[in-house]
Amino acid sequence: MSKDPLSEEAPADFLFHVRGVGGVGKSTLLRQWQEAARRTDAVTAVVDENDVHGVQQAMVELARQLAEQAGPCKEFDKAVEQYRREQAAQADPMLVEGEASVSSRMVTQAALGAASLIPGAGVVTAMANPDAAAQGLDRIRAASRTRAQRRGGQGDETGMSRAFVCELERLCRRQRWVVLFFDTWEQTAQYLDGWLLRLLDEEFGPVPANVIVVLAGRDELSEREWAPLRDQVADVPLEVFTEAETRSLLTSRGVTDIGVVEAVLQLSMGLPLLVELLALARPRTSADVDAGGNLADVAVERFVQWITDPERREAVQACALPLQLNEDVFTEAAGPGAEGLWEWLCGQPFISGRGDYKHYHAVVRASMIRQQRTHSPQGWTSAHLRLAETHATWRAAVEERLPEAKRWDDAEWRRHRLDETYHRLCAHPGTYLTTALEHLVHAAGQDAAVLRQWIETLEQAAQDTADTALIPWAERLREALTGAEPTLTCLGLMLSHSQLSAESRSWAHTHRGILLYRSDQDEEALTEFDRAIAHNARNTQARARRGETHLWLHRYDQAVTDLTAALELDPTNARALATRGEVHYQADRYDQAVTDLTAALEIDPTNAWALATRGQVHYQADRHDQTITDLTAALEIDPTNAWALAVRGDAHRQADRYDQAVTDLTAALEIDPSHAWALAVRGQVHRQADRYDQAVTDLTAALEIDPTQAWALAARGEVHRQASRYDQAVTDYTAAFELDPTLTWALAARGEAHRQASRYDEAVTDYTAALELDPTLTWALAIRGQAHQQAGRYEQAVTDLTAALELDPTNAWALDQRGETRRQAGRYDEAVADYTAALELDPTDAWALGSRGQAHQQAGRYDQAVTDYTAALELDPTLTWALASRSQAHRQAGHREEARMDVEQATEAHPDDLDCAFEKLMLETVEGRFEAFREQWRRLLTSSVNPQDETKASYLRLFRTVLIEPEAGVPEATTEVLATHPGNGDIADVVRYLAELSVLEGELGERARQCHDLIMRRPSS
């Protein structure tokens, strides 16, 4: 440890493996190394088979010891709490693929319906078939929420491991060294080996260079698993004492008789533990060291025999019976005569352990156990029964403060139950085997580490008693632990025991059902729950869990039946109440869902899942504030709940609080970067906030997580469409539809992209294909009508819009568009009737008011036109086109002063608007100031326009010919305009402009009259 861990020339070793036979001194060496490390101000921690039975327990114990020396490990403590919350939650019944949740319907409706309905803007309001789009959204969400929650985080210590490595990094910034000792590796490697290799491979984050890992065990490291690190392992093999070393130790202990020394050399075979025990026995002659029998037994027997104080001798023997010792257990085991001997016992060479608990060296304990069992069977039984009763008494004291349902969750209660079981097995192995197996059933219902600890204890009892009935059970259970599904296999073994009670069988089937449910074997799980209930009809958990499984399979009535039956047996079962609330929620029975979830929270206000689920029910009802209140409360209990953060973010989105939405969704993604649903929703937030590039980035990231998500592709296409990137939109919509040919809204949305790109025939083709897939798509009929309208096919437009209104007479937008079609076709009275009907449905529709004004104006009803324009502007003062049109109506009605006020206001507010500029120049021209504004006319009429808008471009060329470029020829310009097939309404506007110009004197007036007459004599007039 004097080396520099960061040195490139001579770096310090960081991985040691101490190995040797039992009793050779591995644990003693580790203790010495730990003391030496602490003298250099290193922080250290050590675990062995007595401390831990799983990865999570190992990390907790290591972190506890490190915290005692260097202060709290706060981040790790948070990770442990999160892990335990996930285990407690176990299976949160959630949505599955194929059925759209109402939440997703609302997301898609709001996310895809956001454009204002003004001429040319298109219809986005109904762009999504809510169920079709929502199924895609649910598939994204399912990947990041359902399965992980269904499994309840069981068996995954990754988050804890990352936090543990972070704590190591924090400690290493302040300490020169952090040393982690793993003793009895031959036992603990079965569950720690893979985890430690992953840690050293930096799978959980970079391991600081000043972390040292020391392993100690009897066997060499596994060749295959440790091969990548073999060159990094500093191998420390421990050998037995040489003859000289043995003689030296004996001399230091005062054993110098030549005969005695020779006898010890022969008996101990140089094993340090046995040499020490024989030396402490102070033999005076070689006869005192009898080489007959097992050498360990002889050494231990001689050590005990030569303890001259009878109370100490009895204490040493009695305290070998417990599996682990603290001062309380010592007092009960050794009896009243051993008062004051605890410290003496702890100082013996065969005693080890940290903190409050000590234990005998396995070699010494095994020898003492054999001697007591064989020399005094009655004393053996009595002593174990006495210790069993002691632990039973302590267990009963714990039960006074614990409800029955919480007992197996309590570590202290489990320890006393385990020790009591061990001692009863040792006293009467055959009699107590069935009871022990019944306890083991409940242990299997905890986690793998608890089950392993119980099986190891059963195995220890089998070894200590040498009972022929117990040994086979221990061997079979030990073998089951090494399989792919250890808990499931162990429960199956216990069910093979014919004497198992009906209640225990019921619990075994229940635990098997839960395990099968978590591994997605739903029908098999239901079979196990059925068997559990058959053995015990009052098994509340089996009924509740069967209800959860029915929920997962969408069998809502069966789920409610089971959960209600469970609640009749136990009305205080908060989990069953919350799950029934979830069933009602998924079955769209929101009031009943809120009732059950609220009742569950009254029993257990800390149930974060129930809070979050009730929040989502409020979310469906568009109660954003209540949604946020519940989700915030859930997040106060569990700040790492990425799903709750994401849903709260979406609630903020629906309430138009985009910054808060992004904050929550980003926080969710920091916790879970693979949360595709959160990415997709954040993309929608950016889209609604007009941040199209960021929206595309997020939706693309969601697609990288799962490229098969048709919905996400279509949503990205929608972003491109709204950003006027029509070709990219078409590409995404096409890819989405190829992935999912039933995604009708994506097909129709592609049609909308074509329409907005003025590709009207392609648009109609897509709308028609969408309608063939689903003839009830009212909005697709309506928007196909708009495409026909924009292509000048007014009769087909009216047909589609009328059909849409027959399907949905309350579709104000379709009424608006039919009115617009009729106005453009010159059917002004019918247009006014449609606009009026739309306004009856929505009196706040400023666009309909303005358009009705246009119809009145084109019909020559200027006063009514002005009234409608004024009402529209009161509703929406930003409608520039309505202000410009009102100016035109005033001017054409001869109200020049009012016209000037309107046009000045319009051009001041929108100086770059071509329509406003045109109306202002028309006013100046009809008032005789053409020459003064000729240059402004030239700039306006030579302005660039969208090349796809052929009609508008031809209008500009026509007026350029009439006003400033007569050489272009009026007949040719007029013919060009008529060739674009403008609507009658648009022609009427042109004719009125020309009529105003026709009254002017000179060549300008003549050209205007010529153009006017050519248009009026056109065949279609």
# chains A, B, ... in the order shown; residues from 1 in each chain; ligands from 1
>>> residues_around(residues="segment 713-728 of chain A", least_positions_apart="3", cutoff="7 Å", atoms="only C-alpha atoms", output="number ranges by chain")
A: 687, 692, 696, 699, 709-710, 731-733, 736, 746, 753, 757
>>> write_last_selection(atoms="N, CA, C and O atoms", output="JSON list (two decimals), in the first residue's frame")
[["chain", "number", "residue", "atom", "x", "y", "z"],
["A", 687, "ARG", "N", -42.82, 20.17, -30.75],
["A", 687, "ARG", "CA", -43.61, 20.46, -31.94],
["A", 687, "ARG", "C", -44.67, 21.51, -31.65],
["A", 687, "ARG", "O", -44.85, 22.47, -32.40],
["A", 692, "TYR", "N", -39.35, 22.77, -34.14],
["A", 692, "TYR", "CA", -39.46, 21.59, -34.97],
["A", 692, "TYR", "C", -38.18, 20.77, -35.01],
["A", 692, "TYR", "O", -38.22, 19.53, -35.02],
["A", 696, "VAL", "N", -37.90, 16.83, -33.97],
["A", 696, "VAL", "CA", -37.39, 15.77, -34.83],
["A", 696, "VAL", "C", -36.28, 15.00, -34.12],
["A", 696, "VAL", "O", -36.20, 13.77, -34.20],
["A", 699, "LEU", "N", -37.94, 12.61, -31.51],
["A", 699, "LEU", "CA", -38.66, 11.50, -32.13],
["A", 699, "LEU", "C", -37.69, 10.55, -32.83],
["A", 699, "LEU", "O", -37.90, 9.33, -32.84],
["A", 709, "GLN", "N", -41.39, 1.40, -34.48],
["A", 709, "GLN", "CA", -42.53, 2.16, -33.98],
["A", 709, "GLN", "C", -43.13, 3.02, -35.09],
["A", 709, "GLN", "O", -42.68, 4.12, -35.37],
["A", 710, "ALA", "N", -44.17, 2.48, -35.73],
["A", 710, "ALA", "CA", -44.81, 3.20, -36.82],
["A", 710, "ALA", "C", -45.37, 4.54, -36.35],
["A", 710, "ALA", "O", -45.31, 5.54, -37.08],
["A", 731, "THR", "N", -42.04, 11.03, -46.75],
["A", 731, "THR", "CA", -41.15, 9.89, -46.54],
["A", 731, "THR", "C", -41.46, 9.18, -45.22],
["A", 731, "THR", "O", -41.56, 7.94, -45.17],
["A", 732, "ASP", "N", -41.62, 9.97, -44.14],
["A", 732, "ASP", "CA", -41.91, 9.36, -42.83],
["A", 732, "ASP", "C", -43.29, 8.72, -42.79],
["A", 732, "ASP", "O", -43.46, 7.61, -42.27],
["A", 733, "TYR", "N", -44.29, 9.40, -43.34],
["A", 733, "TYR", "CA", -45.64, 8.82, -43.36],
["A", 733, "TYR", "C", -45.64, 7.51, -44.15],
["A", 733, "TYR", "O", -46.28, 6.53, -43.76],
["A", 736, "ALA", "N", -44.04, 4.79, -42.13],
["A", 736, "ALA", "CA", -44.94, 4.39, -41.04],
["A", 736, "ALA", "C", -46.03, 3.48, -41.57],
["A", 736, "ALA", "O", -46.36, 2.45, -40.96],
["A", 746, "ALA", "N", -52.01, 7.99, -40.62],
["A", 746, "ALA", "CA", -50.74, 8.32, -41.26],
["A", 746, "ALA", "C", -50.93, 8.43, -42.77],
["A", 746, "ALA", "O", -50.33, 9.29, -43.43],
["A", 753, "ALA", "N", -50.03, 16.30, -46.41],
["A", 753, "ALA", "CA", -48.74, 16.84, -46.84],
["A", 753, "ALA", "C", -48.76, 17.10, -48.35],
["A", 753, "ALA", "O", -48.27, 18.14, -48.82],
["A", 757, "ALA", "N", -48.56, 20.76, -50.29],
["A", 757, "ALA", "CA", -47.55, 20.97, -51.33],
["A", 757, "ALA", "C", -48.20, 21.20, -52.70],
["A", 757, "ALA", "O", -47.51, 21.19, -53.71]]
>>> residues_around(residues="Arg1017 of chain A", least_positions_apart="4", cutoff="12 Å", atoms="only C-alpha atoms", output="mmCIF file with N, CA, C and O atoms, in the first residue's frame")
data_model
loop_
_atom_site.group_PDB
_atom_site.id
_atom_site.type_symbol
_atom_site.label_atom_id
_atom_site.label_comp_id
_atom_site.auth_asym_id
_atom_site.auth_seq_id
_atom_site.Cartn_x
_atom_site.Cartn_y
_atom_site.Cartn_z
ATOM 1 N N THR A 974 -54.859 38.108 -69.757
ATOM 2 C CA THR A 974 -56.194 37.655 -69.356
ATOM 3 C C THR A 974 -56.364 36.172 -69.634
ATOM 4 O O THR A 974 -56.887 35.416 -68.794
ATOM 5 N N THR A 975 -55.904 35.757 -70.802
ATOM 6 C CA THR A 975 -55.987 34.329 -71.146
ATOM 7 C C THR A 975 -55.210 33.472 -70.144
ATOM 8 O O THR A 975 -55.654 32.392 -69.749
ATOM 9 N N LEU A 978 -57.240 33.046 -66.935
ATOM 10 C CA LEU A 978 -58.375 32.137 -67.099
ATOM 11 C C LEU A 978 -57.920 30.689 -67.257
ATOM 12 O O LEU A 978 -58.642 29.760 -66.906
ATOM 13 N N VAL A 991 -62.803 41.096 -61.065
ATOM 14 C CA VAL A 991 -63.716 41.956 -61.842
ATOM 15 C C VAL A 991 -64.011 43.249 -61.087
ATOM 16 O O VAL A 991 -64.048 44.342 -61.672
ATOM 17 N N GLN A 1010 -60.716 46.961 -71.058
ATOM 18 C CA GLN A 1010 -60.487 45.861 -72.005
ATOM 19 C C GLN A 1010 -60.410 44.525 -71.263
ATOM 20 O O GLN A 1010 -61.034 43.545 -71.664
ATOM 21 N N CYS A 1011 -59.632 44.495 -70.210
ATOM 22 C CA CYS A 1011 -59.483 43.260 -69.418
ATOM 23 C C CYS A 1011 -60.817 42.848 -68.820
ATOM 24 O O CYS A 1011 -61.187 41.667 -68.824
ATOM 25 N N HIS A 1012 -61.564 43.820 -68.276
ATOM 26 C CA HIS A 1012 -62.866 43.561 -67.658
ATOM 27 C C HIS A 1012 -63.796 42.913 -68.663
ATOM 28 O O HIS A 1012 -64.478 41.922 -68.381
ATOM 29 N N ASP A 1013 -63.822 43.460 -69.885
ATOM 30 C CA ASP A 1013 -64.746 42.943 -70.896
ATOM 31 C C ASP A 1013 -64.354 41.538 -71.337
ATOM 32 O O ASP A 1013 -65.220 40.678 -71.535
ATOM 33 N N SER A 1021 -68.720 32.396 -68.087
ATOM 34 C CA SER A 1021 -69.554 33.404 -67.433
ATOM 35 C C SER A 1021 -70.980 33.244 -67.852
ATOM 36 O O SER A 1021 -71.885 33.646 -67.253
#
>>> closest_residue(among="A:Ala574, A:Ala633, A:Leu601, A:Val681", to="Gly649 of chain A", atoms="only C-alpha atoms")
A:Val681
>>> atom_distance(atom1="atom CA of Arg31 of chain A", atom2="atom CA of Val46 of chain A")
9.2 Å
>>> residues_around(residues="Leu963 of chain A", least_positions_apart="4", cutoff="12 Å", atoms="only C-alpha atoms", output="ChimeraX atom specification")
/A:921-922,925,930-931,933-938,940-942,956-959,967-970,993-994,997-998,1000,1002-1008,1011
>>> residues_around(residues="segment 321-335 of chain A", least_positions_apart="6", cutoff="7 Å", atoms="only C-alpha atoms", output="count of residues only")
8
>>> residues_around(residues="Trp454 of chain A", least_positions_apart="4", cutoff="8 Å", atoms="only C-alpha atoms", output="VMD selection string")
chain A and resid 418 440 443 450 458
>>> write_last_selection(atoms="N, CA, C and O atoms", output="PDB file, in the first residue's frame")
ATOM      1  N   LEU A 418     -35.412 -17.993  11.882  1.00  0.00           N
ATOM      2  CA  LEU A 418     -34.429 -18.874  11.264  1.00  0.00           C
ATOM      3  C   LEU A 418     -33.623 -19.621  12.330  1.00  0.00           C
ATOM      4  O   LEU A 418     -33.443 -20.849  12.251  1.00  0.00           O
ATOM      5  N   LEU A 440     -39.827 -22.547   4.992  1.00  0.00           N
ATOM      6  CA  LEU A 440     -39.033 -22.330   3.783  1.00  0.00           C
ATOM      7  C   LEU A 440     -39.919 -21.859   2.622  1.00  0.00           C
ATOM      8  O   LEU A 440     -39.479 -21.078   1.776  1.00  0.00           O
ATOM      9  N   ALA A 443     -40.109 -18.258   3.076  1.00  0.00           N
ATOM     10  CA  ALA A 443     -38.826 -17.639   2.733  1.00  0.00           C
ATOM     11  C   ALA A 443     -38.698 -17.494   1.222  1.00  0.00           C
ATOM     12  O   ALA A 443     -38.172 -16.488   0.716  1.00  0.00           O
ATOM     13  N   VAL A 450     -32.817 -14.412   0.711  1.00  0.00           N
ATOM     14  CA  VAL A 450     -33.472 -14.968   1.908  1.00  0.00           C
ATOM     15  C   VAL A 450     -33.633 -16.481   1.752  1.00  0.00           C
ATOM     16  O   VAL A 450     -33.352 -17.261   2.673  1.00  0.00           O
ATOM     17  N   LEU A 458     -30.710 -24.907   6.631  1.00  0.00           N
ATOM     18  CA  LEU A 458     -31.205 -26.289   6.610  1.00  0.00           C
ATOM     19  C   LEU A 458     -30.049 -27.246   6.324  1.00  0.00           C
ATOM     20  O   LEU A 458     -29.930 -28.327   6.938  1.00  0.00           O
TER      21      LEU A 458
END
>>> residues_around(residues="Gly581 of chain A", least_positions_apart="3", cutoff="8 Å", atoms="only C-alpha atoms", output="ChimeraX atom specification")
/A:577-578,584-585,592-597
>>> atom_distance(atom1="atom CA of Thr468 of chain A", atom2="atom CA of Glu314 of chain A")
29.0 Å
>>> residues_around(residues="Ile455 of chain A", least_positions_apart="6", cutoff="7 Å", atoms="only C-alpha atoms", output="list in words")
Ala474, Leu477 and Arg478 of chain A
>>> write_last_selection(atoms="C-alpha atoms", output="PDB file, in the first residue's frame")
ATOM      1  CA  ALA A 474     -30.560 -30.294   1.962  1.00  0.00           C
ATOM      2  CA  LEU A 477     -32.511 -27.893  -2.298  1.00  0.00           C
ATOM      3  CA  ARG A 478     -28.842 -26.943  -2.651  1.00  0.00           C
TER       4      ARG A 478
END
>>> select_by_dssp(residues="segment 460-669 of chain A", states="helix (DSSP H, G or I)", output="PyMOL selection string")
chain A and resi 460-465+470-481+486-495+502-518+522-535+540-552+556-569+574-586+590-603+608-620+624-637+642-654+658-669
>>> closest_residue(among="A:Ala812, A:Arg365, A:Glu339, A:Leu451", to="Asp845 of chain A", atoms="only C-alpha atoms")
A:Ala812
>>> closest_residue(among="A:Gln446, A:Thr742, A:Thr489, A:Gln864", to="Ala411 of chain A", atoms="only C-alpha atoms")
A:Gln446
>>> closest_residue(among="A:Gly20, A:Gly445, A:Pro741, A:Gly483", to="Gly513 of chain A", atoms="only C-alpha atoms")
A:Gly445
>>> closest_residue(among="A:Gly54, A:Gly853, A:Pro336, A:Pro349", to="Trp195 of chain A", atoms="only C-alpha atoms")
A:Gly54
>>> closest_residue(among="A:Glu262, A:Asp409, A:Glu202, A:Asp876", to="Arg84 of chain A", atoms="only C-alpha atoms")
A:Asp409
>>> atom_distance(atom1="atom CA of Arg543 of chain A", atom2="atom CA of Ala444 of chain A")
19.0 Å
>>> decode(residues="segment 477-488 of chain A", atoms="N, CA, C and O atoms", output="compact mmCIF listing (two decimals), in the first residue's frame")
# COMPACT_ATOMS: atom_id res chain seq x y z
N LEU A 477 -32.27 -29.33 -2.30
CA LEU A 477 -32.51 -27.89 -2.30
C LEU A 477 -31.27 -27.12 -2.71
O LEU A 477 -31.35 -26.12 -3.44
N ARG A 478 -30.10 -27.60 -2.25
CA ARG A 478 -28.84 -26.94 -2.65
C ARG A 478 -28.66 -27.05 -4.16
O ARG A 478 -28.28 -26.09 -4.83
N GLU A 479 -28.97 -28.22 -4.72
CA GLU A 479 -28.85 -28.39 -6.17
C GLU A 479 -29.85 -27.49 -6.92
O GLU A 479 -29.52 -26.92 -7.96
N ALA A 480 -31.04 -27.36 -6.35
CA ALA A 480 -32.05 -26.51 -7.00
C ALA A 480 -31.59 -25.05 -7.09
O ALA A 480 -31.94 -24.34 -8.03
N LEU A 481 -30.79 -24.63 -6.11
CA LEU A 481 -30.32 -23.24 -6.09
C LEU A 481 -29.42 -22.92 -7.27
O LEU A 481 -29.25 -21.75 -7.63
N THR A 482 -28.82 -23.94 -7.87
CA THR A 482 -27.87 -23.70 -8.96
C THR A 482 -28.56 -23.65 -10.32
O THR A 482 -27.91 -23.39 -11.33
N GLY A 483 -29.86 -23.92 -10.36
CA GLY A 483 -30.58 -23.95 -11.64
C GLY A 483 -30.97 -22.58 -12.15
O GLY A 483 -30.71 -21.55 -11.52
N ALA A 484 -31.61 -22.59 -13.32
CA ALA A 484 -32.01 -21.32 -13.96
C ALA A 484 -33.15 -20.64 -13.22
O ALA A 484 -33.24 -19.41 -13.21
N GLU A 485 -34.03 -21.41 -12.60
CA GLU A 485 -35.17 -20.85 -11.87
C GLU A 485 -35.17 -21.43 -10.45
O GLU A 485 -36.00 -22.26 -10.10
N PRO A 486 -34.22 -21.00 -9.61
CA PRO A 486 -34.03 -21.67 -8.32
C PRO A 486 -35.26 -21.63 -7.42
O PRO A 486 -35.61 -22.64 -6.82
N THR A 487 -35.89 -20.47 -7.31
CA THR A 487 -37.03 -20.37 -6.39
C THR A 487 -38.18 -21.23 -6.86
O THR A 487 -38.81 -21.95 -6.06
N LEU A 488 -38.47 -21.18 -8.15
CA LEU A 488 -39.56 -21.98 -8.71
C LEU A 488 -39.30 -23.46 -8.48
O LEU A 488 -40.20 -24.23 -8.07
